[in-house]
Structure formats: C-alpha cells, structure tokens
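Asks: What follows is my_file.csv, CSV, C-alpha atoms.
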```csv
chain,number,residue,atom,x,y,z
M,1056,TYR,CA,48.0,-74.1,100.1
M,1057,GLN,CA,47.4,-77.8,100.3
M,1058,ARG,CA,46.5,-79.2,103.7
M,1059,ILE,CA,48.5,-82.2,104.9
M,1060,ASP,CA,47.3,-83.4,108.3
M,1061,ALA,CA,50.5,-85.3,109.1
M,1062,LEU,CA,52.5,-82.1,108.7
M,1063,ASP,CA,50.0,-79.5,110.0
M,1064,THR,CA,49.8,-81.0,113.5
M,1065,TYR,CA,52.3,-80.1,116.2
M,1066,GLY,CA,54.0,-83.0,118.0
M,1067,VAL,CA,53.4,-83.6,121.7
M,1068,GLU,CA,56.4,-85.7,122.5
M,1069,GLY,CA,58.3,-84.3,125.5
M,1070,MET,CA,55.8,-81.5,126.2
M,1071,ASP,CA,54.6,-81.0,129.8
M,1072,PHE,CA,50.9,-80.1,129.9
M,1073,GLY,CA,50.8,-79.9,133.7
M,1074,ASP,CA,50.1,-76.7,135.7
M,1075,VAL,CA,53.1,-74.9,137.1
M,1076,ALA,CA,52.7,-72.6,140.1
M,1077,PRO,CA,54.6,-69.3,140.1
M,1078,MET,CA,58.1,-69.4,141.6
M,1079,SER,CA,59.3,-67.3,144.4
M,1080,TYR,CA,62.7,-65.5,144.3
M,1081,GLY,CA,64.2,-68.2,146.6
M,1082,GLU,CA,62.9,-71.1,144.6
M,1083,ARG,CA,64.2,-69.5,141.4
M,1084,LEU,CA,67.6,-69.0,142.9
M,1085,ALA,CA,67.7,-72.6,144.2
M,1086,ALA,CA,66.8,-73.8,140.7
M,1087,GLU,CA,69.6,-71.8,139.0
M,1088,GLN,CA,72.1,-73.1,141.5
M,1089,GLU,CA,71.0,-76.6,140.7
M,1090,LEU,CA,71.4,-75.9,137.0
M,1091,ASN,CA,74.8,-74.5,137.6
M,1092,ARG,CA,75.8,-77.6,139.6
M,1093,ARG,CA,74.7,-79.8,136.7
M,1094,ASP,CA,76.7,-77.8,134.2
M,1095,ARG,CA,79.8,-78.0,136.4
M,1096,LEU,CA,79.4,-81.8,136.7
M,1097,ALA,CA,79.0,-82.0,132.9
M,1098,LEU,CA,82.2,-80.0,132.4
M,1099,VAL,CA,84.1,-82.2,134.8
M,1100,GLU,CA,83.0,-85.3,132.9
M,1101,ARG,CA,84.3,-83.7,129.7
M,1102,GLY,CA,87.6,-82.9,131.4
M,1103,ASP,CA,87.0,-79.2,131.5
M,1104,GLY,CA,86.1,-78.7,135.1
M,1105,GLY,CA,88.1,-75.6,135.8
M,1106,ARG,CA,85.7,-73.3,133.9
M,1107,GLY,CA,82.9,-74.0,136.5
M,1108,ALA,CA,85.0,-72.3,139.3
M,1109,LEU,CA,84.0,-68.8,138.0
M,1110,ASP,CA,80.3,-69.5,138.7
M,1111,ASP,CA,81.1,-70.3,142.4
M,1112,VAL,CA,82.9,-67.0,142.8
M,1113,GLU,CA,80.2,-64.9,141.0
M,1114,MET,CA,77.3,-66.5,142.7
M,1115,GLY,CA,78.3,-65.1,146.1
M,1116,GLU,CA,78.9,-61.4,145.1
M,1117,ASP,CA,76.7,-58.6,143.9
M,1118,GLU,CA,77.0,-56.7,140.6
M,1119,GLU,CA,79.3,-54.0,142.0
M,1120,ALA,CA,81.7,-56.5,143.5
M,1121,ARG,CA,81.7,-58.5,140.3
M,1122,MET,CA,82.6,-55.4,138.2
M,1123,GLU,CA,85.4,-54.4,140.6
M,1124,ARG,CA,86.9,-57.9,140.5
M,1125,ARG,CA,86.8,-58.0,136.7
M,1126,LYS,CA,88.4,-54.5,136.5
M,1127,LYS,CA,91.3,-55.6,138.7
M,1128,PHE,CA,91.7,-58.6,136.4
M,1129,LEU,CA,91.9,-56.5,133.2
M,1130,VAL,CA,94.3,-54.0,134.8
M,1131,GLY,CA,96.6,-56.8,135.9
M,1132,HIS,CA,96.4,-58.4,132.4
M,1133,LYS,CA,97.3,-55.1,130.7
M,1134,ARG,CA,100.2,-54.5,133.1
M,1135,ARG,CA,101.6,-58.0,132.4
M,1136,ARG,CA,101.2,-57.4,128.6
M,1137,GLU,CA,103.1,-54.1,128.9
M,1138,GLU,CA,105.9,-55.7,130.8
M,1139,GLU,CA,106.2,-58.3,128.0
M,1140,GLU,CA,106.3,-55.6,125.3
M,1141,VAL,CA,109.0,-53.8,127.2
M,1142,ALA,CA,111.0,-57.0,127.4
M,1143,GLU,CA,110.7,-57.3,123.6
M,1144,GLY,CA,112.5,-53.9,123.2
M,1145,ASP,CA,109.6,-51.5,122.8
M,1146,ASP,CA,109.7,-47.9,124.0
M,1147,PRO,CA,107.8,-47.7,127.3
M,1148,GLU,CA,106.5,-44.3,126.5
M,1149,MET,CA,104.7,-45.6,123.4
M,1150,ILE,CA,103.0,-48.5,125.2
M,1151,GLY,CA,99.2,-48.1,125.4
M,1152,ALA,CA,99.4,-45.0,123.1
M,1153,ALA,CA,96.6,-44.9,120.5
M,1154,PRO,CA,97.6,-44.6,116.9
M,1155,ALA,CA,96.9,-40.9,116.7
M,1156,ALA,CA,97.2,-40.6,112.9
M,1157,VAL,CA,94.6,-43.3,112.3
M,1158,ASP,CA,92.2,-41.7,114.8
M,1159,VAL,CA,92.6,-38.3,113.2
M,1160,LEU,CA,92.2,-39.5,109.6
M,1161,LEU,CA,89.2,-41.7,110.3
M,1162,ALA,CA,87.5,-39.6,113.0
M,1163,GLU,CA,84.3,-39.0,111.0
M,1164,ASP,CA,84.2,-42.1,108.8
M,1165,ASP,CA,82.1,-44.2,111.2
M,1166,GLU,CA,79.3,-41.7,110.8
M,1167,GLU,CA,79.1,-42.1,107.0
M,1168,GLU,CA,76.8,-44.7,105.4
M,1169,GLU,CA,78.8,-47.2,103.4
M,1170,VAL,CA,77.9,-47.4,99.7
M,1171,ASN,CA,78.3,-50.5,97.4
M,1172,LEU,CA,80.5,-49.1,94.7
M,1173,GLU,CA,80.0,-52.1,92.4
M,1174,ALA,CA,76.2,-51.8,92.3
M,1175,PHE,CA,75.6,-49.3,89.4
M,1176,ASP,CA,73.8,-49.4,86.1
M,1177,VAL,CA,75.0,-46.1,84.5
M,1178,PRO,CA,78.2,-45.2,82.7
M,1179,LEU,CA,81.2,-45.3,85.1
M,1180,ARG,CA,82.0,-41.6,84.8
M,1181,GLU,CA,78.4,-40.7,85.7
M,1182,TRP,CA,78.5,-43.0,88.7
M,1183,ILE,CA,81.7,-41.5,89.9
M,1184,ALA,CA,80.3,-38.0,89.6
M,1185,GLN,CA,77.5,-38.7,92.1
M,1186,ASN,CA,78.0,-37.2,95.5
M,1187,ARG,CA,77.5,-40.4,97.5
M,1188,THR,CA,79.9,-42.3,95.2
M,1189,ARG,CA,82.6,-39.6,95.6
M,1190,SER,CA,82.1,-39.7,99.4
M,1191,GLU,CA,82.6,-43.5,99.4
M,1192,ILE,CA,85.7,-43.3,97.2
M,1193,GLN,CA,87.1,-40.7,99.6
M,1194,ARG,CA,86.3,-42.8,102.6
M,1195,ARG,CA,87.9,-45.9,101.2
M,1196,PHE,CA,91.0,-44.0,100.0
M,1197,ARG,CA,91.4,-42.2,103.3
M,1198,ARG,CA,91.2,-45.6,105.1
M,1199,PHE,CA,93.8,-46.9,102.7
M,1200,LEU,CA,96.1,-44.0,103.6
M,1201,ALA,CA,95.5,-44.5,107.3
M,1202,THR,CA,95.8,-48.2,107.7
M,1203,PHE,CA,97.8,-49.8,104.8
M,1204,ASN,CA,101.0,-51.5,105.7
M,1205,ASP,CA,103.3,-53.4,103.4
M,1206,THR,CA,102.9,-57.1,104.2
M,1207,THR,CA,106.6,-57.8,103.3
M,1208,THR,CA,107.6,-56.0,106.6
M,1209,PRO,CA,107.7,-58.4,109.5
M,1210,SER,CA,105.0,-57.6,112.1
M,1211,THR,CA,106.2,-57.0,115.6
M,1212,PRO,CA,104.5,-55.4,118.6
M,1213,LYS,CA,106.7,-52.4,118.1
M,1214,ASN,CA,105.9,-51.6,114.4
M,1215,ARG,CA,102.2,-52.5,114.8
M,1216,ARG,CA,101.9,-49.3,116.9
M,1217,LYS,CA,103.7,-47.2,114.3
M,1218,ASP,CA,101.9,-45.1,111.7
M,1219,ALA,CA,100.8,-46.8,108.6
M,1220,LEU,CA,103.0,-46.7,105.5
M,1221,TYR,CA,101.4,-43.8,103.8
M,1222,THR,CA,100.7,-41.9,107.0
M,1223,THR,CA,104.5,-41.9,107.5
M,1224,GLN,CA,104.9,-40.7,103.9
M,1225,ILE,CA,102.5,-37.9,104.5
M,1226,ARG,CA,104.6,-36.8,107.5
M,1227,ALA,CA,107.8,-37.0,105.4
M,1228,MET,CA,106.2,-35.0,102.6
M,1229,ALA,CA,105.1,-32.3,105.0
M,1230,SER,CA,108.5,-32.1,106.7
M,1231,SER,CA,110.0,-31.3,103.3
M,1232,ASN,CA,107.2,-28.8,102.4
M,1233,LEU,CA,106.3,-30.9,99.3
M,1234,SER,CA,103.0,-31.3,97.5
M,1235,SER,CA,103.3,-34.7,95.9
M,1236,LEU,CA,102.4,-38.0,97.6
M,1237,SER,CA,103.7,-41.1,95.8
M,1238,ILE,CA,101.6,-44.3,96.1
M,1239,SER,CA,102.4,-47.7,94.8
M,1240,TYR,CA,99.7,-48.9,92.4
M,1241,THR,CA,100.2,-52.5,93.5
M,1242,HIS,CA,99.5,-51.5,97.0
M,1243,LEU,CA,96.2,-49.8,96.0
M,1244,THR,CA,95.3,-52.9,93.9
M,1245,THR,CA,95.9,-55.1,97.0
M,1246,ALA,CA,93.9,-53.0,99.4
M,1247,GLN,CA,91.2,-51.4,97.2
M,1248,PRO,CA,91.0,-53.2,93.9
M,1249,THR,CA,87.8,-51.3,92.8
M,1250,LEU,CA,89.6,-48.0,93.1
M,1251,ALA,CA,92.6,-49.3,91.3
M,1252,LEU,CA,90.4,-50.5,88.4
M,1253,TRP,CA,88.5,-47.2,88.1
M,1254,LEU,CA,91.7,-45.3,88.2
M,1255,VAL,CA,92.6,-47.0,84.9
M,1256,GLU,CA,89.2,-46.5,83.3
M,1257,ALA,CA,88.5,-43.0,84.4
M,1258,PRO,CA,91.8,-41.4,85.5
M,1259,SER,CA,90.8,-37.7,85.3
M,1260,ASP,CA,87.7,-38.2,87.5
M,1261,MET,CA,89.6,-40.4,90.0
M,1262,PHE,CA,92.6,-38.2,90.3
M,1263,ASP,CA,90.4,-35.2,91.2
M,1264,ILE,CA,88.9,-37.2,94.1
M,1265,LEU,CA,92.2,-38.8,95.2
M,1266,ASP,CA,93.9,-35.4,95.2
M,1267,GLU,CA,91.1,-33.9,97.2
M,1268,THR,CA,91.3,-36.7,99.7
M,1269,ALA,CA,95.0,-36.5,100.0
M,1270,THR,CA,94.8,-32.8,100.6
M,1271,SER,CA,92.1,-33.1,103.3
M,1272,SER,CA,94.0,-35.9,105.0
M,1273,THR,CA,97.2,-33.9,105.1
M,1274,TYR,CA,95.3,-30.9,106.6
M,1275,ARG,CA,93.8,-33.2,109.2
M,1276,LEU,CA,97.2,-34.2,110.4
M,1277,PHE,CA,98.8,-30.7,109.9
M,1278,PRO,CA,96.1,-28.0,110.0
M,1279,SER,CA,98.5,-25.2,109.3
M,1280,TYR,CA,99.9,-26.9,106.2
M,1281,SER,CA,97.4,-25.1,104.1
M,1282,ASN,CA,99.5,-22.0,104.5
M,1283,ILE,CA,102.3,-23.8,102.7
M,1284,ARG,CA,100.6,-25.9,100.0
M,1285,ASP,CA,97.0,-25.3,98.8
M,1286,GLU,CA,96.8,-28.7,97.2
M,1287,ILE,CA,98.3,-32.2,97.5
M,1288,HIS,CA,98.7,-34.3,94.3
M,1289,VAL,CA,98.7,-38.1,94.3
M,1290,ARG,CA,101.4,-39.7,92.1
M,1291,PHE,CA,101.3,-43.4,91.3
M,1292,THR,CA,104.4,-45.7,91.0
M,1293,HIS,CA,104.9,-49.4,90.1
M,1294,TYR,CA,102.2,-49.4,87.4
M,1295,PRO,CA,102.5,-52.9,86.0
M,1296,ILE,CA,101.8,-52.2,82.3
M,1297,THR,CA,104.1,-50.3,79.9
M,1298,ASP,CA,103.1,-49.5,76.3
M,1299,GLY,CA,105.3,-48.4,73.5
M,1300,MET,CA,104.4,-45.0,72.0
M,1301,ARG,CA,103.9,-46.6,68.6
M,1302,ASP,CA,101.4,-49.0,70.1
M,1303,LEU,CA,99.0,-46.3,71.4
M,1304,ARG,CA,95.6,-46.3,69.7
M,1305,ARG,CA,92.3,-44.6,70.0
M,1306,VAL,CA,91.2,-47.1,72.7
M,1307,HIS,CA,93.9,-45.8,75.0
M,1308,LEU,CA,92.4,-42.3,75.1
M,1309,GLU,CA,91.2,-41.1,78.5
M,1310,ARG,CA,92.7,-44.1,80.2
M,1311,LEU,CA,95.7,-44.4,82.5
M,1312,GLN,CA,98.7,-45.3,80.4
M,1313,GLN,CA,102.4,-45.7,81.0
M,1314,VAL,CA,104.6,-45.3,77.9
M,1315,ARG,CA,108.2,-45.5,77.1
M,1316,GLY,CA,109.8,-43.8,74.2
M,1317,VAL,CA,111.6,-40.8,72.8
M,1318,VAL,CA,109.8,-37.5,72.2
M,1319,THR,CA,110.9,-35.9,68.9
M,1320,ARG,CA,108.1,-33.4,68.5
M,1321,ARG,CA,105.9,-31.5,71.0
M,1322,THR,CA,103.3,-28.8,71.2
M,1323,ALA,CA,103.7,-25.6,73.2
M,1324,VAL,CA,104.1,-26.1,76.9
M,1325,PHE,CA,101.6,-24.1,78.9
M,1326,PRO,CA,102.6,-23.0,82.4
M,1327,GLN,CA,100.6,-24.4,85.3
M,1328,LEU,CA,101.2,-21.3,87.4
M,1329,LYS,CA,98.3,-20.4,89.7
M,1330,LEU,CA,99.7,-17.6,91.9
M,1331,GLY,CA,102.6,-15.4,90.9
M,1332,TYR,CA,104.9,-12.9,92.6
M,1333,TYR,CA,106.6,-10.3,90.4
M,1334,ASP,CA,109.4,-7.8,90.9
M,1335,CYS,CA,108.4,-4.2,90.0
M,1336,ARG,CA,109.6,-3.3,86.5
M,1337,ALA,CA,110.7,0.2,87.5
M,1338,LEU,CA,114.5,0.5,87.5
M,1339,GLY,CA,115.9,0.4,91.0
M,1340,CYS,CA,112.6,-0.5,92.7
M,1341,VAL,CA,112.7,-3.5,95.0
M,1342,GLU,CA,109.0,-3.8,95.6
M,1343,VAL,CA,107.4,-7.3,95.1
M,1344,ILE,CA,103.9,-7.4,93.5
M,1345,GLY,CA,101.6,-10.3,94.4
M,1346,PRO,CA,100.2,-12.7,94.9
M,1347,ILE,CA,98.5,-12.4,91.5
M,1348,ARG,CA,96.2,-15.2,90.3
M,1349,VAL,CA,97.3,-16.4,86.8
M,1350,ASP,CA,94.7,-17.8,84.4
M,1351,PRO,CA,95.6,-21.3,83.0
M,1352,GLY,CA,97.4,-21.1,79.6
M,1353,THR,CA,98.3,-17.5,80.0
M,1354,THR,CA,101.4,-15.6,81.2
M,1355,ASP,CA,101.4,-12.4,83.1
M,1356,GLU,CA,104.8,-10.7,83.7
M,1357,GLY,CA,103.4,-8.2,86.1
M,1358,GLY,CA,103.9,-4.5,85.9
M,1359,GLY,CA,104.6,-1.5,88.1
M,1360,CYS,CA,103.9,-1.7,91.8
M,1361,GLY,CA,102.2,1.7,91.8
M,1362,SER,CA,103.9,2.8,95.0
M,1363,CYS,CA,107.3,4.1,93.8
M,1364,PRO,CA,107.8,7.4,91.9
M,1365,LYS,CA,109.1,5.6,88.7
M,1366,CYS,CA,106.0,3.6,88.2
```
Could the structure of this file be written out as structure tokens, please?
Replies:
Amino acid sequence: YQRIDALDTYGVEGMDFGDVAPMSYGERLAAEQELNRRDRLALVERGDGGRGALDDVEMGEDEEARMERRKKFLVGHKRRREEEEVAEGDDPEMIGAAPAAVDVLLAEDDEEEEVNLEAFDVPLREWIAQNRTRSEIQRRFRRFLATFNDTTTPSTPKNRRKDALYTTQIRAMASSNLSSLSISYTHLTTAQPTLALWLVEAPSDMFDILDETATSSTYRLFPSYSNIRDEIHVRFTHYPITDGMRDLRRVHLERLQQVRGVVTRRTAVFPQLKLGYYDCRALGCVEVIGPIRVDPGTTDEGGGCGSCPKC
C-alpha cells in the first residue's frame, strides 16, 4: 500500500456538520409530504404530472384500504382482459385456466439445484454418468417437453394457453396406446443445444436418460399409463446429416448416424421381447401362460400350462 494524501482524504463539500435534533412522527410526516410535493412539481415540469396523483390518494388511506383499492383495480383489469380475449374468439371456459400440463411436468423442478452442464473436465460419458448431471439433463429435457412451441406457428392469445407441442404429442401417443415419442432434432437443437450435441457424441447414454424422462413425464400426465406401457422410447426425426453406408468409418462408431443405402447382408435378428404370453401346447387346451419374462437374445416358446389333464 502506498499512501497518497490527496486520495486518502474524504471530501467535505456538501456535507452538513451541524447537530440535528430527533424528529417527531408529525415532523417526519410533514417532511415526507413536502418531499412528495417537490417530486410532483418536478414531474409536472417534465410533462408527466399524472403520476403524482397516486401519491395524493395513498397518503390519506391506511394499509388495509390501500390493499383493498389495489385488489379492486387488479380484478377490474383482469375482467377487462378476459372480455378482450372473448372478443378475439377464445373459449370462455379456458380463460384464466392454468396450463395444467406444464404445472404437472415441472412440479418438482424448482426444488432442484441447477447444474452447469458445460463445466466438466472429465470424459463426456463419465460426466453424463454422474447423478447430478443425469438429473440436470432430465430437468432440461422435461422442460423442453413441457414448454417448447414451434415458432413458425403464429402466436395468439388462444394458442398461448394450449399445451406445448410435445405435451400435445404425448397426449396423442397415449390416446393411441403407443410407446414411441417422435421429436424433431432441429427443435432440440434450438431449445437445448447442449443436449443435442451430446446426443450425437454419446447416443447410448443420452437415449437411456431421455427415454427415462419421457416415461416419467408420460406417467405424470397419465398415472395409469404404466399399466399399458412399461417404457416410452424417444425417436428423433429431421436429423440434418445423412451419410452413405460406404462412407462409414471407425470414427463413426458409438455416434449418432443417419445412413442411406441398401442392405445386402445382415446378421441374425435377435428378438427384443421382454414379456411373453403363450398358448398351452396341449391339444385342445385354451389356457394362456404368462406373462413370462424373456431374456434378451433368447426365445422361449413356452410349454404346458400345468392345469389341464393333457399337460
């Protein structure tokens, strides 16, 4: 530290060193009224005198009366807004209704601590495998499903209250008892570029997390859907890069690729059956055996039911 007298001394210009006696409540109120009067005069001089009128109203009322007046103002403003929206062709029953799907999907997200996904110094797959990273990926993808809307659709007061694009697709998927949710890769790139990039670089790890998030989001909207489908799979469309099959090299392994070509030779196709129901092999028996859990890569054609005389 180097002492500089010219800079180490406080200035005294404009400072009042006189003694000030304590103010009573009436004196303080009079002083505040005088300050408000000066502020209103300054606003009038700037051509904005209307704003000072609110001070005159609030000065003569207590806190309870002030809150009641403001409540009436907000209710009247909301009613006028609803009348305007009805005039624009909206459904009166939907006015003021909360976006239930968004509330359901994001109910617990505010309690989670946000993680900076870009701040890591380990291999990507190790970073994705960490619990807090997985939770943040799920939180961001769930928010994408709950809030994303295609910007090419004109925004109106009516469609702003509708469900988001992929919330609507989840409802359509559930109404058809399906288990695949199709998502545009360009939409994910626009809303969550980090997730889109990691999907290309570590697809197997990312698909596990995205499938788990899509499944839990569907169950949040439709709790009984677990009785129909035990898992929801995310499928991506509109992937912008297409490679020829002859162009595939070692660097493409374990990365997300889209290829176009003709398959002339293939390996054995292993069934992805998880639970199976089988008819009893006994002639004339109509019993159904199952569900039987099937190990991946194996086939089990069942056997006898054990309850009929021919088994």
Asks: Just checking: using all atoms listed in the file, which residue out of M:Thr1273, M:Ser1281, M:Thr1202, M:Thr1064 ends up closest to M:Leu1243?
Replies: M:Thr1202
Asks: What is the distance, in Å and to one decimal place, between atom CA of M:Val1289 and atom CA of M:Thr1322?
Replies: 25.3 Å
Asks: For a test of reading the model, state the distance in Å between atom CA of M:Asn1204 and atom CA of M:Thr1292, rounded to one decimal.
Replies: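 Separation of atom CA of M:Asn1204 and atom CA of M:Thr1292: 16.2 Å.
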Asks: Please return, as a list in words, all polymer residues that have at least one atom within 9 Å of the point (96.6, -28.5, 96.1); use only C-alpha atoms and the file's own coordinate frame.
Replies: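 Residues satisfying the cut-off, written out: Ser1234, Asp1266, Glu1267, Thr1270, Ser1281, Arg1284, Asp1285, Glu1286, Ile1287 and His1288 of chain M.
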Asks: Considering all atoms listed in the file, can you say which of M:Ala1323, M:Leu1276, M:Leu1250, M:Ile1192 comes closest to M:Met1228?
Replies: M:Leu1276
Asks: To one decimal in Å, tell me the separation between atom CA of M:Ser1079 and atom CA of M:Ala1097.
Replies: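 Taking atom CA of M:Ser1079 and atom CA of M:Ala1097, their separation equals 27.1 Å.
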Asks: Neighbouring residues of M:Tyr1332 were defined as those with any atom within 6 Å, considering all atoms listed in the file; residues of the same chain fewer than 4 positions away were excluded. Please report them as a list in words.
Replies: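 Those residues are Ile1344, Gly1345 and Pro1346 of chain M.
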Asks: Counting all atoms listed in the file, write as a PyMOL selection string all protein and nucleic acid residues lying at most 12 Å from (91.2, -50.7, 95.7) in the file's frame.
Replies: chain M and resi 1172-1173+1191-1200+1203+1239-1255+1261+1265
Asks: Would you pick out the contacts of M:Asp1334 at 8 Å or less, using all atoms listed in the file, so that residues sharing its chain but fewer than 3 positions from it are not included, and give the list as a VMD selection string?
Replies: chain M and resid 1341 to 1344 1357
